[in-house]
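*Asks:* Below is the structure I would like to discuss, written out as structure tokens.
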Amino acid sequence: MLLPKWLNESKYTVVFTGAGMSTESGLPDFRSSKQGLWNKKDPSKIASTRALNDDVEEFIAFYRERVLGVKECQPHKGHNILAEWEKTGVIKSIITQNVDGFHQAAGNKKVAELHGTLQKLHCQSCLKVYSSEEYLNQAYYCECGGILRPSIVLFGESLPEAPFEFALNEARKSELFIVLGSSLSVTPANQFPLIAKENGAKLVIVNWEPTDFDMYADEVINGKEIGSLLVELNNDL
């Protein structure tokens with residue numbers, strides 16, 4: 001495994017995390033072949049702007065369940081190591097597809113949340129921001145009367161501009177770009193590893209199953225728990 005050597009040598013390492021990072025905290029995956037959430041629900045129907053507008057009750061019920069799920073879980077040892085690595089300069093930033101907020105909860109500061117967060121809600125009408133605790137208290141409407149929705153990117157919406165631009169700049173500056181637990185099947189998020197590679201970075205993909213982007217990687221690590229791998233790497237630093 002060349003990753004330990006590259007991690008020690010790199011002066012600008014960026015980490016890109018996907019659902020595999022969260023599943024080790026106990027959260028369900030979306031696209032895994034066996035137990036993905038989308039095997040039970042059609043994302044185009046439930047996690048969409050159409051559902052928010054036309055089927056509010058089902059939309060809220062689904063996302064209340066997801067908010068509850070996040071509240072019942074917490075960052076694992078891998079999240080804590082990444083937070084420590086940011087403090088000590090081993091990594092510069094994290095780009096994440098995850099919406100659980102666990103990187104920030106563990107202590108990371110420089111995090112681009114490409115798909116938003118389940119830790120916050122906002123009013124669909126006036127944009128006022130609320131804590132996701134409102135859903136737990138079964139409060140679903142803003143004081144203005146608008147619907148409270150999770151501050152995540154739904155199908156039919158664009159990625160938020162500020163996190164996208166930050167991620168783009170970080171990918172371009174990286175010397176080592178490490179993918180942790182992403183199937184790299186969602187665009188445009190899956191373009192960041194390629195952008196890093198095109199700008200001269202070494203690309204390492206760590207995922208339980210192979211991805212369609214493995215051919216572009218300098219090293220691929222399959223079938224290994226991310227938390228355990230990060231502990232192993234941390235011992236080598």
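Identifiers in the structure tokens: chain A, B, ... in order shown; residue index from 1 per chain; ligand index from 1 in order shown.
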List every residue of region 120-229 of chain A that DSSP, applied to the backbone of this structure, assigns to strand (DSSP E or B), and report them as a PyMOL selection string.
*Replies:* chain A and resi 120-123+129-131+141+147-152+155+176-180+202-207+219-222
*Asks:* Give me, as a short mmCIF file (atom, residue, chain, number, x, y, z; two decimals) with all heavy atoms, in the first residue's frame, all polymer residues having an atom no more than 10 Å from Asn190 (chain A), counting only C-alpha atoms and skipping those fewer than 5 positions away in the same chain.
*Replies:*
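Written out: part.cif:
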```cif
data_model
loop_
_atom_site.label_atom_id
_atom_site.label_comp_id
_atom_site.auth_asym_id
_atom_site.auth_seq_id
_atom_site.Cartn_x
_atom_site.Cartn_y
_atom_site.Cartn_z
N PHE A 16 -12.09 13.37 0.26
CA PHE A 16 -13.44 13.41 -0.31
C PHE A 16 -14.22 12.24 0.28
O PHE A 16 -13.81 11.09 0.13
CB PHE A 16 -13.35 13.28 -1.83
CG PHE A 16 -14.66 13.27 -2.57
CD1 PHE A 16 -15.13 14.44 -3.19
CD2 PHE A 16 -15.41 12.11 -2.70
CE1 PHE A 16 -16.32 14.42 -3.90
CE2 PHE A 16 -16.60 12.10 -3.40
CZ PHE A 16 -17.06 13.26 -3.99
N GLN A 97 -19.98 14.42 0.38
CA GLN A 97 -21.32 14.24 -0.17
C GLN A 97 -22.32 13.97 0.95
O GLN A 97 -23.51 13.95 0.71
CB GLN A 97 -21.32 13.05 -1.14
CG GLN A 97 -20.46 13.23 -2.37
CD GLN A 97 -20.40 11.95 -3.19
OE1 GLN A 97 -19.70 11.01 -2.84
NE2 GLN A 97 -21.14 11.91 -4.28
N VAL A 179 -10.26 9.57 -1.79
CA VAL A 179 -11.70 9.31 -1.75
C VAL A 179 -11.97 8.24 -0.70
O VAL A 179 -11.37 7.17 -0.73
CB VAL A 179 -12.21 8.82 -3.13
CG1 VAL A 179 -13.69 8.46 -3.06
CG2 VAL A 179 -11.97 9.89 -4.20
N SER A 182 -17.00 6.49 -1.29
CA SER A 182 -17.95 7.00 -2.28
C SER A 182 -17.97 6.09 -3.50
O SER A 182 -16.91 5.67 -3.98
CB SER A 182 -17.58 8.42 -2.72
OG SER A 182 -18.45 8.86 -3.76
N SER A 183 -19.16 5.81 -3.99
CA SER A 183 -19.29 5.02 -5.22
C SER A 183 -18.97 5.87 -6.44
O SER A 183 -18.84 5.35 -7.56
CB SER A 183 -20.71 4.47 -5.35
OG SER A 183 -21.65 5.55 -5.43
N LEU A 184 -18.85 7.20 -6.24
CA LEU A 184 -18.55 8.15 -7.31
C LEU A 184 -19.54 8.04 -8.48
O LEU A 184 -19.18 8.13 -9.64
CB LEU A 184 -17.10 7.97 -7.80
CG LEU A 184 -16.03 8.23 -6.75
CD1 LEU A 184 -14.65 7.89 -7.30
CD2 LEU A 184 -16.06 9.67 -6.27
N SER A 185 -20.80 7.82 -8.11
CA SER A 185 -21.83 7.65 -9.13
C SER A 185 -22.72 8.88 -9.31
O SER A 185 -23.60 8.89 -10.17
CB SER A 185 -22.71 6.44 -8.78
OG SER A 185 -23.32 6.61 -7.52
N ILE A 195 -10.78 16.21 -11.41
CA ILE A 195 -10.18 17.54 -11.46
C ILE A 195 -8.84 17.54 -10.72
O ILE A 195 -7.85 18.11 -11.19
CB ILE A 195 -11.13 18.59 -10.86
CG1 ILE A 195 -12.35 18.77 -11.79
CG2 ILE A 195 -10.44 19.92 -10.62
CD1 ILE A 195 -13.51 19.52 -11.16
N PHE A 213 -14.56 4.71 -11.44
CA PHE A 213 -13.44 5.66 -11.55
C PHE A 213 -12.11 5.02 -11.15
O PHE A 213 -11.08 5.69 -11.17
CB PHE A 213 -13.71 6.90 -10.69
CG PHE A 213 -14.71 7.85 -11.29
CD1 PHE A 213 -16.01 7.44 -11.58
CD2 PHE A 213 -14.38 9.16 -11.57
CE1 PHE A 213 -16.92 8.30 -12.13
CE2 PHE A 213 -15.29 10.05 -12.11
CZ PHE A 213 -16.57 9.62 -12.40
#
```
*Asks:* When DSSP is applied to the backbone of this structure, which of region 176-205 of chain A are assigned helix (DSSP H, G or I)? Write them out as a ChimeraX atom specification.
*Replies:* /A:189-198
*Asks:* Which residues are close to Ser158 (chain A), i.e. within 12 Å by only C-alpha atoms, leaving aside same-chain residues fewer than 6 positions away? Reply as a PDB file with N, CA and C atoms, in the first residue's frame.
*Replies:*
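The file below, out_9.pdb, is the result:
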```
ATOM      1  N   SER A  48     -37.278  14.967  -3.668  1.00  0.00           N
ATOM      2  CA  SER A  48     -37.313  15.879  -4.804  1.00  0.00           C
ATOM      3  C   SER A  48     -38.117  17.137  -4.497  1.00  0.00           C
ATOM      4  N   THR A  49     -37.904  18.138  -5.315  1.00  0.00           N
ATOM      5  CA  THR A  49     -38.688  19.365  -5.184  1.00  0.00           C
ATOM      6  C   THR A  49     -40.164  19.085  -5.486  1.00  0.00           C
ATOM      7  N   LEU A 114     -21.237  19.437  -0.073  1.00  0.00           N
ATOM      8  CA  LEU A 114     -21.768  19.590  -1.429  1.00  0.00           C
ATOM      9  C   LEU A 114     -23.276  19.415  -1.490  1.00  0.00           C
ATOM     10  N   HIS A 115     -23.806  18.545  -0.649  1.00  0.00           N
ATOM     11  CA  HIS A 115     -25.237  18.232  -0.707  1.00  0.00           C
ATOM     12  C   HIS A 115     -26.015  18.786   0.479  1.00  0.00           C
ATOM     13  N   GLY A 116     -25.396  19.744   1.209  1.00  0.00           N
ATOM     14  CA  GLY A 116     -26.094  20.368   2.328  1.00  0.00           C
ATOM     15  C   GLY A 116     -25.994  19.566   3.607  1.00  0.00           C
ATOM     16  N   ILE A 152     -30.757  20.532   2.595  1.00  0.00           N
ATOM     17  CA  ILE A 152     -30.013  19.619   1.734  1.00  0.00           C
ATOM     18  C   ILE A 152     -30.383  19.875   0.285  1.00  0.00           C
ATOM     19  N   PHE A 164     -19.387  24.450  -3.536  1.00  0.00           N
ATOM     20  CA  PHE A 164     -18.911  23.955  -4.830  1.00  0.00           C
ATOM     21  C   PHE A 164     -17.611  24.654  -5.223  1.00  0.00           C
ATOM     22  N   THR A 187     -23.130  12.863 -10.181  1.00  0.00           N
ATOM     23  CA  THR A 187     -22.552  14.070 -10.778  1.00  0.00           C
ATOM     24  C   THR A 187     -23.278  15.295 -10.211  1.00  0.00           C
ATOM     25  N   PRO A 188     -22.609  16.447 -10.145  1.00  0.00           N
ATOM     26  CA  PRO A 188     -21.223  16.705 -10.558  1.00  0.00           C
ATOM     27  C   PRO A 188     -20.186  16.400  -9.480  1.00  0.00           C
ATOM     28  N   ALA A 189     -20.614  15.923  -8.307  1.00  0.00           N
ATOM     29  CA  ALA A 189     -19.664  15.700  -7.203  1.00  0.00           C
ATOM     30  C   ALA A 189     -18.532  14.766  -7.600  1.00  0.00           C
TER      31      ALA A 189
END
```
*Asks:* Which residue gives the smallest distance to Thr13 (chain A) among A:Ala61, A:Leu136, A:Ile95, A:Leu121, with only C-alpha atoms counted?
*Replies:*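 The closest residue to Thr13 (chain A) is A:Ile95.
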*Asks:* Env of region 125-130 of chain A: 8 Å cut, atoms = only C-alpha atoms, seq-sep filter 3 positions within chain, self excluded. Answer as a list in words.
*Replies:* Lys120, Leu121, His122, Glu134, Cys142, Cys144, Gly146 and Ile147 of chain A
